[in-house]
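K.L.:
Following this message is one structure expressed as structure tokens.
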Amino acid sequence: MQVPAAFQYEKATSVEHALELLAKYGSESRVVAGGHSLLPMMKLRLAQPEALIDINELEELSLIRVDGDELAIGAMVRHAELLSSAVVGEHFPILRDAERVIADPIVRNRGTVGGSLCQADPSEDLSAAFSALRATLVTRSREGSRTIAVREFFTGPYETALGEAELLVEIRVPIRSHASAYQKVERRAGDWAVAAAGAVLEISGGMITEAGIGLTAVGAPQFVAERAEAFLRGGPPAQERFVEAGRIAGQDCNPAADQRGPVDYKRHLAGELTTRALRVAAARAVGQEA
């Protein structure tokens, strides 16, 4: 039987209360939201926090709203809520695409967007999607709030820029005239990705003015393919350029061989999925589906 080590349980009643509890227990505390990542690690005793701070009652972190020219997504928004949101589907198809292939309905009904980002799992889908969108993360501590670019949030596998007494409260995504898509290969439905790619394209006057490419499970720094993004800027949304961008993305990632496949296979997938995601995003930009 897998049983966690003993721990103190606290239920936060507000963001301020959660921050007080984080300060009280310090580095030996952990926040629990959906719990799909933390609780299995505790049962295996890979994580042994002295205190769990439950933030599930913080409804103020469970909203999806348009705030000026940004979409604000509370850290406690469930995956199923993000998937079903009409405003998310309208402005950010990449998030809808990614949510459709995350785990299964049971996990999506309970797991949270903020929890997925804070776990910083190299195979996590939303990290790549939000990185492609150049989202910003709003955090709170007892000292105040700060904003962190999502591409600066991930400092390594399972590591983030979040302080030990700091709480992610909101994800903010700029609403622009762009098109996007997410493509994933998995061994079976709901599995972690063998590889996945997200693409965001801003097109004006027949040229790509900005591009975002997020990569999952292939060791891309901060989940992005910056050199491929730079290659696309200033050129037309043409198939041959998408193929070359895919080649660059595959070349620049650093996958590890494991039970899901060897390195060469994962590099090939990263390149091919980047090309596919770019193709779908470009088709959506003109009101079509590739």
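Ordering of the structure tokens sets the chain letters (A, B, ...), residue numbers begin anew at 1 in every chain, and ligands are numbered from 1 in the order given.
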For the alpha helix (DSSP H) assignment from backbone DSSP, which residues of stretch 57-176 of chain A qualify? Please present them as a ChimeraX atom specification.

P.N.:
/A:79-84,86-91,93-100,105-110,113-119,125-132,150-153

K.L.:
Applying 7 Å and only C-alpha atoms, which residues near A:Glu28 remain after dropping the ones on its own chain fewer than 3 positions away? List them as a PyMOL selection string.

P.N.:
chain A and resi 25+49-51

K.L.:
Calculated over only C-alpha atoms, which of the candidates A:Asp54, A:Glu289, A:Glu81, A:Glu90 has the smallest distance to A:His178?

P.N.:
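So, comparing all the options, the nearest one is A:Glu90.
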
K.L.:
Give me, as a list in words, all polymer residues having an atom no more than 12 Å from A:Pro157, counting only C-alpha atoms and skipping those fewer than 5 positions away in the same chain.

P.N.:
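Once the adjacent positions are removed, what remains is Leu117, Cys118, Gln119, Ala120, Asp121, Pro122, Ser123, Glu124, Ser127, Thr216, Ala217, Val218, Gly219, Ala220, Pro221, Gln222 and Phe223 of chain A.
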
K.L.:
List the neighbours of A:Glu10 out to 7 Å using only C-alpha atoms; skip same-chain residues closer than 2 positions along the sequence, and give me the result as a VMD selection string.

P.N.:
chain A and resid 8 12 52 to 54

K.L.:
Given only C-alpha atoms as the basis, pick out the residue of A:Leu278, A:Val185, A:Ala225, A:Leu38 nearest to A:Ile208.

P.N.:
A:Leu278

K.L.:
Just want the 8 Å neighbourhood of stretch 265-276 of chain A, counted on only C-alpha atoms, with same-chain residues fewer than 2 positions away dropped. Output as a PyMOL selection string.

P.N.:
chain A and resi 183-185+194-199+213+215+218+242-243+245-251+253-255+261-263+278-280

K.L.:
Show which residues sit within 7 Å of stretch 98-102 of chain A, as a CSV table (one decimal) with C-alpha atoms, in the first residue's frame. Count only C-alpha atoms, and ignore same-chain residues fewer than 2 positions away.

P.N.:
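That gives us part-v6.csv:
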```csv
chain,number,residue,atom,x,y,z
A,79,HIS,CA,-9.4,22.2,-17.4
A,83,LEU,CA,-12.3,23.7,-22.6
A,94,ILE,CA,-4.8,26.5,-29.3
A,95,LEU,CA,-6.1,26.2,-25.7
A,96,ARG,CA,-9.2,24.4,-26.9
A,104,ASP,CA,-9.6,12.3,-19.6
A,125,ASP,CA,0.5,20.5,-22.7
A,126,LEU,CA,-0.7,23.9,-21.4
A,182,TYR,CA,-2.1,22.6,-31.2
A,190,GLY,CA,-5.2,10.9,-22.7
```

K.L.:
Pick out the closest residue to A:Pro174 from this set: A:Ala18, A:Val107, A:Leu137, A:Ala80. Count only C-alpha atoms.

P.N.:
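That would be A:Leu137, the residue with the smallest distance to A:Pro174.
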